[in-house]
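J.: Supplied structure: run02.txt, compact mmCIF, C-alpha atoms.
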# COMPACT_ATOMS: atom_id res chain seq x y z
CA MET A 1 -7.55 26.22 34.74
CA PRO A 2 -8.95 22.67 34.62
CA PHE A 3 -6.61 20.96 32.15
CA PRO A 4 -7.72 17.32 32.53
CA LEU A 5 -4.33 15.68 31.96
CA ARG A 6 -2.39 17.84 34.38
CA GLY A 7 -0.06 15.56 36.36
CA ILE A 8 0.17 13.00 33.53
CA ARG A 9 3.63 12.30 32.07
CA VAL A 10 3.93 11.16 28.45
CA LEU A 11 7.14 9.84 26.92
CA ASP A 12 7.21 10.73 23.24
CA LEU A 13 9.39 8.20 21.41
CA SER A 14 7.89 9.11 18.05
CA ARG A 15 9.42 10.85 15.08
CA SER A 16 7.86 13.16 12.53
CA PHE A 17 4.24 14.22 12.11
CA PRO A 18 1.72 11.68 13.50
CA GLY A 19 3.29 11.35 16.94
CA GLY A 20 3.97 15.07 16.99
CA TYR A 21 0.29 15.86 16.47
CA CYS A 22 -0.72 13.28 19.09
CA THR A 23 1.55 14.60 21.82
CA ARG A 24 0.76 18.20 20.83
CA LEU A 25 -2.86 17.54 21.79
CA LEU A 26 -1.88 15.68 24.95
CA ALA A 27 0.29 18.62 25.97
CA ASP A 28 -2.56 21.03 25.22
CA LEU A 29 -4.71 18.91 27.53
CA GLY A 30 -2.18 19.50 30.31
CA ALA A 31 0.13 16.50 30.11
CA GLU A 32 3.87 16.84 30.63
CA VAL A 33 5.35 15.57 27.35
CA VAL A 34 8.99 14.48 27.33
CA LYS A 35 10.40 13.98 23.85
CA VAL A 36 13.04 11.26 23.72
CA GLU A 37 15.27 12.19 20.78
CA ALA A 38 18.39 10.84 19.13
CA PRO A 39 21.57 12.52 20.43
CA GLY A 40 22.95 15.13 18.08
CA VAL A 41 20.14 15.07 15.51
CA GLY A 42 16.78 14.86 17.28
CA ASP A 43 13.41 14.65 15.56
CA PRO A 44 13.68 15.22 11.78
CA LEU A 45 11.03 17.92 12.09
CA ARG A 46 13.63 20.13 13.77
CA GLY A 47 15.18 20.71 10.36
CA PRO A 48 18.79 21.74 9.71
CA THR A 49 18.64 24.68 12.13
CA GLY A 50 17.16 22.62 14.96
CA ILE A 51 14.20 24.98 15.36
CA SER A 52 12.09 24.91 12.19
CA PRO A 53 8.58 26.45 12.18
CA THR A 54 7.15 22.92 12.02
CA HIS A 55 9.12 21.96 15.13
CA VAL A 56 7.84 25.04 16.93
CA GLY A 57 4.24 24.37 15.94
CA LEU A 58 4.17 20.74 17.05
CA ASN A 59 6.55 20.77 20.01
CA HIS A 60 6.22 24.02 21.93
CA GLY A 61 5.76 23.47 25.62
CA LYS A 62 7.30 20.00 25.58
CA ARG A 63 10.55 18.87 27.17
CA SER A 64 13.45 17.19 25.37
CA VAL A 65 15.74 14.37 26.45
CA THR A 66 18.43 12.89 24.23
CA LEU A 67 18.85 9.14 24.51
CA ASP A 68 20.14 6.46 22.15
CA THR A 69 17.72 3.57 22.71
CA ARG A 70 19.31 1.19 20.19
CA GLY A 71 21.57 -0.54 22.71
CA GLU A 72 21.35 -2.14 26.13
CA VAL A 73 22.66 0.89 28.01
CA GLY A 74 20.12 3.25 26.48
CA ILE A 75 17.32 0.74 26.97
CA GLU A 76 18.17 0.49 30.67
CA VAL A 77 17.81 4.27 30.97
CA LEU A 78 14.52 4.11 29.04
CA ARG A 79 13.36 1.47 31.50
CA LYS A 80 13.87 3.96 34.32
CA LEU A 81 11.95 6.65 32.44
CA VAL A 82 9.06 4.29 31.77
CA ALA A 83 8.76 3.47 35.46
CA SER A 84 7.50 6.99 36.22
CA ALA A 85 5.56 7.60 33.00
CA ASP A 86 1.83 7.29 32.46
CA ALA A 87 1.92 6.86 28.69
CA VAL A 88 4.30 6.25 25.80
CA VAL A 89 3.70 7.39 22.23
CA ASP A 90 5.82 5.52 19.69
CA SER A 91 6.17 5.43 15.91
CA ALA A 92 8.82 2.74 15.46
CA ARG A 93 8.19 0.34 12.60
CA PRO A 94 6.33 -2.81 13.65
CA GLY A 95 8.60 -5.26 15.42
CA ALA A 96 11.50 -2.84 15.87
CA ARG A 97 11.03 -2.33 19.62
CA GLU A 98 10.61 -6.06 20.17
CA ALA A 99 13.81 -6.74 18.20
CA ALA A 100 15.65 -4.22 20.38
CA GLY A 101 14.42 -6.01 23.49
CA PHE A 102 12.17 -3.36 25.01
CA ALA A 103 8.59 -2.97 23.81
CA TYR A 104 5.21 -2.76 25.53
CA ALA A 105 5.46 -6.21 27.11
CA GLN A 106 8.71 -5.35 28.86
CA ALA A 107 7.53 -1.84 29.74
CA ALA A 108 4.35 -3.22 31.32
CA GLU A 109 6.45 -5.40 33.60
CA VAL A 110 8.12 -2.24 34.87
CA ASN A 111 4.89 -0.20 35.00
CA PRO A 112 1.61 -2.18 34.84
CA ARG A 113 -0.44 1.03 34.58
CA LEU A 114 1.40 2.18 31.46
CA VAL A 115 -0.50 3.09 28.28
CA TRP A 116 1.56 2.52 25.13
CA ALA A 117 0.34 3.88 21.80
CA SER A 118 1.94 2.72 18.56
CA LEU A 119 1.41 4.83 15.43
CA SER A 120 2.41 3.10 12.23
CA SER A 121 1.67 3.21 8.52
CA PHE A 122 -0.49 0.10 8.13
CA GLY A 123 -0.78 -1.20 11.69
CA LEU A 124 0.94 -4.08 13.43
CA ASP A 125 -0.54 -6.97 11.44
CA GLY A 126 -1.81 -7.75 7.96
CA PRO A 127 0.17 -8.18 4.72
CA TYR A 128 1.15 -4.49 4.59
CA ALA A 129 2.41 -4.27 8.19
CA GLY A 130 5.90 -2.83 8.14
CA ARG A 131 5.46 -1.04 4.83
CA ALA A 132 6.57 2.57 4.69
CA GLY A 133 4.36 5.37 3.45
CA HIS A 134 3.37 9.00 3.63
CA GLU A 135 0.17 11.03 3.30
CA ILE A 136 -0.46 10.17 -0.33
CA THR A 137 0.08 6.47 0.41
CA PHE A 138 -2.64 6.22 3.05
CA LEU A 139 -5.10 8.55 1.37
CA GLY A 140 -4.72 6.61 -1.87
CA HIS A 141 -4.98 3.09 -0.42
CA SER A 142 -7.89 3.91 1.89
CA GLY A 143 -10.13 5.35 -0.80
CA ALA A 144 -10.03 8.79 0.82
CA LEU A 145 -7.98 10.39 -1.96
CA ALA A 146 -10.49 9.44 -4.66
CA ALA A 147 -13.32 10.61 -2.39
CA ILE A 148 -11.73 14.00 -1.64
CA ALA A 149 -10.50 14.83 -5.13
CA GLU A 150 -13.02 15.82 -7.76
CA GLN A 151 -10.78 14.11 -10.28
CA LEU A 152 -7.40 12.42 -10.28
CA PRO A 153 -4.50 13.05 -10.27
CA TRP A 154 -4.64 15.27 -7.19
CA MET A 155 -1.93 15.88 -4.61
CA PRO A 156 -2.82 17.25 -1.16
CA GLN A 157 -0.56 20.12 -0.15
CA THR A 158 -0.98 19.74 3.60
CA PRO A 159 -1.09 16.72 5.93
CA ILE A 160 -4.54 15.19 6.35
CA ALA A 161 -4.10 11.62 7.59
CA ALA A 162 -1.25 12.49 9.99
CA PRO A 163 -3.07 15.09 12.13
CA LEU A 164 -6.23 12.99 12.16
CA ALA A 165 -4.27 9.90 13.20
CA GLY A 166 -2.58 11.96 15.91
CA ALA A 167 -5.95 13.13 17.18
CA VAL A 168 -7.34 9.58 17.16
CA ALA A 169 -4.28 8.35 19.06
CA ALA A 170 -4.58 11.17 21.61
CA MET A 171 -8.23 10.25 22.17
CA ALA A 172 -7.36 6.57 22.59
CA VAL A 173 -4.53 7.39 24.99
CA SER A 174 -6.78 9.66 27.06
CA ALA A 175 -9.48 6.97 27.23
CA SER A 176 -6.90 4.35 28.19
CA LEU A 177 -5.54 6.62 30.91
CA ALA A 178 -9.05 6.95 32.32
CA ARG A 179 -9.36 3.15 32.32
CA ALA A 180 -5.98 2.78 34.02
CA ALA A 181 -7.06 5.25 36.71
CA HIS A 182 -10.08 3.03 37.49
CA THR A 183 -8.49 -0.41 37.13
CA GLY A 184 -4.77 0.09 37.68
CA VAL A 185 -4.17 -1.73 34.40
CA GLY A 186 -2.55 -0.16 31.37
CA SER A 187 -3.09 -1.05 27.74
CA PHE A 188 -1.58 -1.10 24.27
CA VAL A 189 -3.07 1.02 21.46
CA ASP A 190 -2.44 0.21 17.80
CA VAL A 191 -3.20 3.20 15.52
CA SER A 192 -2.72 2.79 11.77
CA LEU A 193 -2.62 5.89 9.57
CA ASP A 194 -4.19 3.80 6.81
CA ASP A 195 -7.05 2.73 9.11
CA VAL A 196 -7.63 6.33 10.12
CA ALA A 197 -7.73 7.46 6.49
CA THR A 198 -10.33 4.75 5.81
CA TRP A 199 -12.31 5.86 8.88
CA MET A 200 -12.63 9.30 7.29
CA LEU A 201 -15.24 7.72 5.00
CA SER A 202 -17.50 6.59 7.86
CA GLY A 203 -20.14 9.08 6.77
CA MET A 204 -20.01 7.80 3.18
CA PRO A 205 -20.15 3.99 3.53
CA GLY A 206 -21.72 3.68 0.09
CA ARG A 207 -18.28 4.41 -1.33
CA PHE A 208 -17.25 0.85 -0.43
CA SER A 209 -20.12 -0.77 -2.31
CA GLY A 210 -19.95 1.61 -5.25
CA THR A 211 -23.45 2.91 -4.56
CA GLU A 212 -22.38 6.38 -3.42
CA SER A 213 -20.40 9.02 -5.24
CA GLY A 214 -19.00 12.28 -3.92
CA MET A 215 -20.95 15.21 -2.53
CA GLY A 216 -20.86 16.83 -5.93
CA TRP A 217 -21.47 20.52 -6.35
CA ALA A 218 -24.40 22.85 -6.97
CA ALA A 219 -24.97 26.56 -7.39
CA GLY A 220 -25.44 26.85 -3.63
CA ARG A 221 -22.43 24.75 -2.71
CA ARG A 222 -19.23 25.91 -4.39
CA LEU A 223 -16.64 28.71 -4.57
CA TYR A 224 -17.10 32.08 -6.25
CA ARG A 225 -14.54 34.69 -7.23
CA CYS A 226 -15.18 38.25 -6.05
CA ALA A 227 -14.35 41.76 -7.27
CA ASP A 228 -10.99 41.87 -5.47
CA GLY A 229 -9.86 38.52 -6.93
CA ARG A 230 -10.44 36.63 -3.69
CA TRP A 231 -12.72 33.64 -3.38
CA VAL A 232 -15.62 32.93 -1.05
CA THR A 233 -17.25 29.65 -0.12
CA VAL A 234 -20.99 29.15 -0.35
CA ALA A 235 -22.62 26.28 1.53
CA ALA A 236 -26.34 26.96 1.11
CA ALA A 237 -27.43 23.33 1.13
CA GLU A 238 -30.74 23.67 3.03
CA PRO A 239 -33.91 25.60 2.12
CA ARG A 240 -33.34 28.22 4.82
CA THR A 241 -29.76 29.01 3.80
CA TRP A 242 -30.57 28.80 0.08
CA GLN A 243 -33.38 31.31 0.49
CA ALA A 244 -31.03 33.67 2.37
CA LEU A 245 -28.43 33.32 -0.39
CA CYS A 246 -30.99 34.12 -3.06
CA ARG A 247 -32.07 37.23 -1.14
CA VAL A 248 -28.47 38.44 -0.76
CA LEU A 249 -27.78 37.91 -4.48
CA GLY A 250 -31.04 39.48 -5.62
CA ALA A 251 -32.26 36.16 -7.01
CA GLU A 252 -35.53 35.74 -5.12
CA ASP A 253 -37.03 34.11 -8.20
CA LEU A 254 -34.79 31.08 -7.52
CA VAL A 255 -35.80 30.35 -3.92
CA GLU A 256 -37.74 27.24 -5.00
CA ARG A 257 -34.92 25.90 -7.20
CA LEU A 258 -32.57 24.49 -4.54
CA ARG A 259 -32.99 20.92 -5.84
CA ALA A 260 -32.99 21.82 -9.52
CA GLY A 261 -31.32 19.49 -11.99
CA ALA A 262 -27.70 19.63 -13.09
CA ASP A 263 -28.22 21.82 -16.16
CA GLU A 264 -30.19 24.38 -14.19
CA GLN A 265 -27.57 24.33 -11.41
CA VAL A 266 -24.95 25.29 -14.00
CA ALA A 267 -27.12 28.14 -15.26
CA MET A 268 -27.77 29.43 -11.72
CA ALA A 269 -24.08 29.24 -10.87
CA GLU A 270 -23.19 31.28 -13.94
CA ARG A 271 -25.77 33.87 -12.89
CA PHE A 272 -24.34 33.97 -9.36
CA GLU A 273 -20.80 34.37 -10.70
CA LYS A 274 -21.82 37.63 -12.39
CA VAL A 275 -23.17 38.95 -9.09
CA PHE A 276 -20.26 37.92 -6.88
CA VAL A 277 -17.70 39.77 -9.05
CA THR A 278 -19.47 43.07 -8.31
CA ARG A 279 -18.29 43.28 -4.67
CA PRO A 280 -15.13 42.35 -2.74
CA ALA A 281 -15.03 39.15 -0.73
CA ALA A 282 -15.18 40.89 2.67
CA ALA A 283 -18.44 42.60 1.72
CA TRP A 284 -20.05 39.29 0.83
CA VAL A 285 -18.81 37.63 4.02
CA ALA A 286 -20.28 40.51 6.03
CA SER A 287 -23.70 40.08 4.42
CA ASP A 288 -26.51 37.94 5.87
CA PRO A 289 -24.90 35.16 7.98
CA GLU A 290 -27.75 32.86 7.01
CA ALA A 291 -26.45 32.87 3.43
CA THR A 292 -23.41 30.80 4.50
CA ILE A 293 -20.89 32.89 2.58
CA GLY A 294 -17.41 32.37 4.03
CA ALA A 295 -13.90 33.59 3.37
CA VAL A 296 -11.27 31.53 1.60
CA ASN A 297 -8.21 32.53 3.59
CA GLU A 298 -4.59 32.03 2.77
CA GLY A 299 -2.50 31.58 5.91
CA PRO A 300 -1.59 35.29 6.32
CA ASP A 301 -5.24 36.28 5.95
CA LEU A 302 -6.09 34.49 9.18
CA VAL A 303 -3.83 36.81 11.15
CA ASP A 304 -6.25 39.71 10.60
CA ASP A 305 -9.43 37.64 10.55
CA PRO A 306 -11.76 39.07 13.23
CA HIS A 307 -13.19 35.72 14.31
CA ALA A 308 -9.77 34.06 14.50
CA ALA A 309 -8.53 37.00 16.56
CA ALA A 310 -11.51 36.86 18.92
CA ARG A 311 -11.06 33.13 19.46
CA GLY A 312 -7.29 33.38 19.89
CA ALA A 313 -6.83 30.87 17.07
CA LEU A 314 -3.17 31.78 16.61
CA VAL A 315 -0.51 32.33 19.25
CA ASP A 316 3.04 33.64 19.00
CA VAL A 317 5.64 31.11 20.08
CA ALA A 318 9.25 32.24 19.85
CA GLY A 319 8.35 34.56 16.99
CA THR A 320 6.35 31.94 15.07
CA LEU A 321 2.56 32.08 14.80
CA VAL A 322 1.13 28.63 15.49
CA PRO A 323 -2.42 27.33 15.95
CA ALA A 324 -3.76 27.35 19.49
CA ALA A 325 -5.34 24.26 21.02
CA PRO A 326 -8.63 23.49 19.25
CA PHE A 327 -10.66 23.46 22.47
CA ARG A 328 -11.49 25.83 25.30
CA PHE A 329 -11.95 24.98 28.97
CA GLY A 330 -14.35 26.77 31.29
CA ASP A 331 -14.05 27.55 34.95
CA ASP A 332 -15.39 25.41 37.82
CA GLU A 333 -18.94 26.51 37.00
CA GLY A 334 -18.59 25.63 33.34
CA ARG A 335 -18.21 29.21 32.15
CA ARG A 336 -15.40 30.61 30.07
CA PRO A 337 -14.08 33.90 31.44
CA PRO A 338 -15.84 36.65 29.46
CA ALA A 339 -13.71 39.15 27.53
CA ALA A 340 -10.50 37.40 28.58
CA PRO A 341 -8.48 35.32 26.12
CA PRO A 342 -9.52 31.66 26.21
CA PRO A 343 -7.05 29.39 27.99
CA ALA A 344 -5.69 27.97 24.74
CA ALA A 345 -4.75 31.45 23.57
CA LEU A 346 -2.46 32.18 26.49
CA PRO A 347 1.20 32.37 25.39
CA PRO A 348 2.63 28.85 25.60
CA ALA A 349 6.17 27.91 26.47
CA GLY A 350 8.64 27.84 23.60
CA PRO A 351 9.97 24.80 21.78
CA PRO A 352 12.44 22.56 23.62
CA VAL A 353 16.16 22.80 22.95
CA LEU A 354 17.45 19.40 21.82
CA GLY A 355 18.35 17.54 25.01
CA GLY A 356 17.81 20.62 27.15
CA ASP A 357 15.97 18.67 29.84
CA THR A 358 18.12 15.52 29.77
CA ASP A 359 19.92 15.97 33.06
CA ASP A 360 16.88 17.09 35.05
CA VAL A 361 14.61 14.34 33.74
CA LEU A 362 17.18 11.56 34.13
CA ARG A 363 18.17 12.69 37.61
CA ALA A 364 14.50 12.55 38.60
CA ALA A 365 14.41 8.99 37.21
CA GLY A 366 17.28 7.97 39.49
CA VAL A 367 20.32 8.43 37.25
CA SER A 368 23.30 9.71 39.21
CA ASP A 369 25.60 12.52 38.13
CA GLU A 370 28.41 10.02 37.65
CA GLU A 371 26.24 7.91 35.37
CA LEU A 372 25.13 11.02 33.45
CA ALA A 373 28.75 11.86 32.78
CA ARG A 374 29.49 8.34 31.61
CA LEU A 375 26.42 8.24 29.36
CA ARG A 376 27.37 11.58 27.82
CA ALA A 377 30.96 10.49 27.26
CA ASP A 378 29.74 7.33 25.52
CA GLY A 379 27.31 9.25 23.29
CA ILE A 380 24.24 7.59 24.82
CA ILE A 381 22.73 10.96 25.76
Could you spell out this file's structure in structure tokens?
T.:
Amino acid sequence: MPFPLRGIRVLDLSRSFPGGYCTRLLADLGAEVVKVEAPGVGDPLRGPTGISPTHVGLNHGKRSVTLDTRGEVGIEVLRKLVASADAVVDSARPGAREAAGFAYAQAAEVNPRLVWASLSSFGLDGPYAGRAGHEITFLGHSGALAAIAEQLPWMPQTPIAAPLAGAVAAMAVSASLARAAHTGVGSFVDVSLDDVATWMLSGMPGRFSGTESGMGWAAGRRLYRCADGRWVTVAAAEPRTWQALCRVLGAEDLVERLRAGADEQVAMAERFEKVFVTRPAAAWVASDPEATIGAVNEGPDLVDDPHAAARGALVDVAGTLVPAAPFRFGDDEGRRPPAAPPPAALPPAGPPVLGGDTDDVLRAAGVSDEELARLRADGII
């Protein structure tokens, strides 16, 4: 199957979510991802058991090397690994690699074709460079939190900025790899989670001048509770879909009222509420597709969802259901194999054991067995 990054080696020096999402996508694109983890503890996402569901979801199919890169000995080993790598993904705080004596400038001397991506909270310059933060920090500062939430306070219950920043970084790394293939010259990529959260508002630039508010809601764009207690989404925002919704709900008299004022929208929504509670959610979802009625799934609901099953949206990795890659590749003629599971749905390799690939990877980088023994005895690997 034509995975475009097959043959590319990525060293993952990152910790936690953003780098994990980035290298997850690069691995799904075919790259060999080697996680460089702290001896004995590894990435915090491993959790106390060393194999948390989060670790499985973000790291299956990768390799793991343990290496303490805080001292000269570990940095010398890292130098050898960089020599044969195509890209590095890092999440060290700004200036930390430079202070340790081995950052992009030194790595580029070893490997001029190297692409080095730095993921950080607020980027590598500016008054907030070096500040710590998490999801709520970046969403709040960027303006995205106020734009997403109908009213404050509101606390997102799943990462938003981190996976998007990881995807942006993966795109930038892939583009830089293409450039390196043409020019033989690598590059440095600075990805700020705060910048990415701000970029989320690209389609709503009026937010920055105060001339644009949120998308709001209307009778044809909201959630409705059904007879079985489940919710459905309705997104009938155009005349065609609004007309289909009115037909499904037996409200043909409203087909010309899509753009009605706020008070009338409230009245129509109340009328629709009384109709939706007469049938279970699945029955509404199975009605006219033009009416844009969709399921509101909890995680377990997706397991039995017919579309998710047909697309292979979830795969079993070491007993944990995780999302498959969010893209599908066709064959040499641009066709996906009919009736067969899409490539992303094929069972992937399991999560890496902490340091399980250390000896093989370091030997391939030129580290002798005697040096491996010495590094292990000194706690460097």
J.: Restrict the calculation to only C-alpha atoms, then for each residue of range 210-284 of chain A with any atom at most 12 Å from an atom of range 291-298 of chain A give the closest atom pair and their distance in Å to one decimal, rows by chain and rising residue number, as a Markdown table.
T.:
| residue | atom | partner | partner_atom | distance |
| --- | --- | --- | --- | --- |
| A:Gly220 | CA | A:Thr292 | CA | 9.3 |
| A:Arg221 | CA | A:Thr292 | CA | 9.5 |
| A:Arg222 | CA | A:Ile293 | CA | 10.0 |
| A:Leu223 | CA | A:Val296 | CA | 8.7 |
| A:Tyr224 | CA | A:Ile293 | CA | 9.6 |
| A:Arg225 | CA | A:Val296 | CA | 9.9 |
| A:Cys226 | CA | A:Ala295 | CA | 10.6 |
| A:Gly229 | CA | A:Val296 | CA | 11.1 |
| A:Arg230 | CA | A:Val296 | CA | 7.4 |
| A:Trp231 | CA | A:Val296 | CA | 5.6 |
| A:Val232 | CA | A:Ala295 | CA | 4.8 |
| A:Thr233 | CA | A:Gly294 | CA | 5.0 |
| A:Val234 | CA | A:Ile293 | CA | 4.8 |
| A:Ala235 | CA | A:Thr292 | CA | 5.5 |
| A:Ala236 | CA | A:Thr292 | CA | 5.9 |
| A:Ala237 | CA | A:Thr292 | CA | 9.1 |
| A:Glu238 | CA | A:Ala291 | CA | 10.2 |
| A:Pro239 | CA | A:Ala291 | CA | 10.5 |
| A:Arg240 | CA | A:Ala291 | CA | 8.4 |
| A:Thr241 | CA | A:Ala291 | CA | 5.1 |
| A:Trp242 | CA | A:Ala291 | CA | 6.7 |
| A:Gln243 | CA | A:Ala291 | CA | 7.7 |
| A:Ala244 | CA | A:Ala291 | CA | 4.8 |
| A:Leu245 | CA | A:Ala291 | CA | 4.3 |
| A:Cys246 | CA | A:Ala291 | CA | 8.0 |
| A:Arg247 | CA | A:Ala291 | CA | 8.5 |
| A:Val248 | CA | A:Ala291 | CA | 7.3 |
| A:Leu249 | CA | A:Ala291 | CA | 9.5 |
| A:Phe276 | CA | A:Ile293 | CA | 10.7 |
| A:Pro280 | CA | A:Ala295 | CA | 10.8 |
| A:Ala281 | CA | A:Ala295 | CA | 7.0 |
| A:Ala282 | CA | A:Ala295 | CA | 7.4 |
| A:Ala283 | CA | A:Ile293 | CA | 10.1 |
| A:Trp284 | CA | A:Ile293 | CA | 6.7 |
J.: What does the distance between CA of Gly143 in chain A and CA of Ser16 in chain A come to in Å, to one decimal place?
T.: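 Here the two named atoms are 23.7 Å from each other.
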J.: List as a Markdown table every residue of range 143-222 of chain A that is in contact with range 3-10 of chain A, defined as an atom at most 12 Å from one of its atoms (using all atoms listed in the file), together with the nearest atom pair and the distance in Å rounded to one decimal, sorted by chain and then rising number.
T.:
| residue | atom | partner | partner_atom | distance |
| --- | --- | --- | --- | --- |
| A:Ala170 | CA | A:Val10 | CA | 10.9 |
| A:Met171 | CA | A:Leu5 | CA | 11.9 |
| A:Val173 | CA | A:Val10 | CA | 9.9 |
| A:Ser174 | CA | A:Leu5 | CA | 8.1 |
| A:Ala175 | CA | A:Leu5 | CA | 11.2 |
| A:Leu177 | CA | A:Ile8 | CA | 9.0 |
| A:Ala178 | CA | A:Leu5 | CA | 9.9 |
| A:Ala180 | CA | A:Ile8 | CA | 11.9 |
| A:Ala181 | CA | A:Ile8 | CA | 11.1 |
J.: For CA of Gly319 in chain A and CA of Leu354 in chain A, quote the distance in Å rounded to one decimal.
T.: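 According to the coordinates, CA of Gly319 in chain A and CA of Leu354 in chain A are separated by 18.3 Å.
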J.: Specify the axis-aligned box that encloses all atoms of range 94-102 of chain A listed in the file after padding of 4 Å on each side, stating its centre and edge lengths in Å to one decimal as lines of an AutoDock Vina configuration file.
T.:
center_x = 11.0
center_y = -4.5
center_z = 19.3
size_x = 17.3
size_y = 12.4
size_z = 19.4
J.: Using all atoms listed in the file, find all polymer residues with an atom at most 6 Å away from the point (-1.1, 4.9, 19.2); report them as a PyMOL selection string.
T.: chain A and resi 117-119+169+189-191
J.: Just give me the gap between CA of Leu81 in chain A and CA of Asp12 in chain A in Å, one decimal is fine.
T.: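 Atom-to-atom, CA of Leu81 in chain A to CA of Asp12 in chain A, that is 11.1 Å.
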J.: Give me the residues near Leu58 in chain A as a ChimeraX atom specification, where near means some atom within 10 Å (using all atoms listed in the file) and where sequence neighbours in that chain fewer than 6 positions away do not count.
T.: /A:16-17,19-25,27,45,322-323,351
J.: List every protein, DNA or RNA residue that has at least one atom no more than 12 Å from (8.4, -3.6, 22.4) in the file's coordinates, counting all atoms listed in the file, and write the result as a ChimeraX atom specification.
T.: /A:13,69,75,78-79,88-109,116-118,124,188
J.: Would you please work out which residue, of A:Phe138, A:Val65, A:Gly330, A:Ala219, is nearest to Glu273 in chain A when using all atoms listed in the file?
T.: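 Checking each of A:Phe138, A:Val65, A:Gly330, A:Ala219 against Glu273 in chain A, counting all atoms listed in the file, the winner is A:Ala219.
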J.: Within 8 Å of Ala218 in chain A, counting all atoms listed in the file, which residues show up once you throw out same-chain ones fewer than 5 positions away? Write them as a list in words, please.
T.: Ala262, Gln265, Val266 and Ala269 of chain A
J.: Which residue is closest to Thr183 in chain A? Choose from A:Arg113, A:Arg63, A:Arg259, A:Lys274 and count all atoms listed in the file.
T.: A:Arg113
J.: At a cut-off of 12 Å, using all atoms listed in the file, what residues contact Leu193 in chain A? Leave out same-chain residues fewer than 5 positions from it and give the result as a PyMOL selection string.
T.: chain A and resi 17-19+91+118-124+129+131-142+144+159-169+198-200
J.: Which residues are close to Val317 in chain A, i.e. within 12 Å by only C-alpha atoms, leaving aside same-chain residues fewer than 2 positions away? Reply as a PDB file with C-alpha atoms, in the coordinates of the input.
T.:
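Written output follows (part_4.pdb):
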ATOM      1  CA  ILE A  51      14.200  24.980  15.360  1.00  0.00           C
ATOM      2  CA  SER A  52      12.090  24.910  12.190  1.00  0.00           C
ATOM      3  CA  PRO A  53       8.580  26.450  12.180  1.00  0.00           C
ATOM      4  CA  THR A  54       7.150  22.920  12.020  1.00  0.00           C
ATOM      5  CA  HIS A  55       9.120  21.960  15.130  1.00  0.00           C
ATOM      6  CA  VAL A  56       7.840  25.040  16.930  1.00  0.00           C
ATOM      7  CA  GLY A  57       4.240  24.370  15.940  1.00  0.00           C
ATOM      8  CA  LEU A  58       4.170  20.740  17.050  1.00  0.00           C
ATOM      9  CA  ASN A  59       6.550  20.770  20.010  1.00  0.00           C
ATOM     10  CA  HIS A  60       6.220  24.020  21.930  1.00  0.00           C
ATOM     11  CA  GLY A  61       5.760  23.470  25.620  1.00  0.00           C
ATOM     12  CA  LEU A 314      -3.170  31.780  16.610  1.00  0.00           C
ATOM     13  CA  VAL A 315      -0.510  32.330  19.250  1.00  0.00           C
ATOM     14  CA  GLY A 319       8.350  34.560  16.990  1.00  0.00           C
ATOM     15  CA  THR A 320       6.350  31.940  15.070  1.00  0.00           C
ATOM     16  CA  LEU A 321       2.560  32.080  14.800  1.00  0.00           C
ATOM     17  CA  VAL A 322       1.130  28.630  15.490  1.00  0.00           C
ATOM     18  CA  PRO A 323      -2.420  27.330  15.950  1.00  0.00           C
ATOM     19  CA  ALA A 324      -3.760  27.350  19.490  1.00  0.00           C
ATOM     20  CA  ALA A 345      -4.750  31.450  23.570  1.00  0.00           C
ATOM     21  CA  LEU A 346      -2.460  32.180  26.490  1.00  0.00           C
ATOM     22  CA  PRO A 347       1.200  32.370  25.390  1.00  0.00           C
ATOM     23  CA  PRO A 348       2.630  28.850  25.600  1.00  0.00           C
ATOM     24  CA  ALA A 349       6.170  27.910  26.470  1.00  0.00           C
ATOM     25  CA  GLY A 350       8.640  27.840  23.600  1.00  0.00           C
ATOM     26  CA  PRO A 351       9.970  24.800  21.780  1.00  0.00           C
ATOM     27  CA  PRO A 352      12.440  22.560  23.620  1.00  0.00           C
TER      28      PRO A 352
END
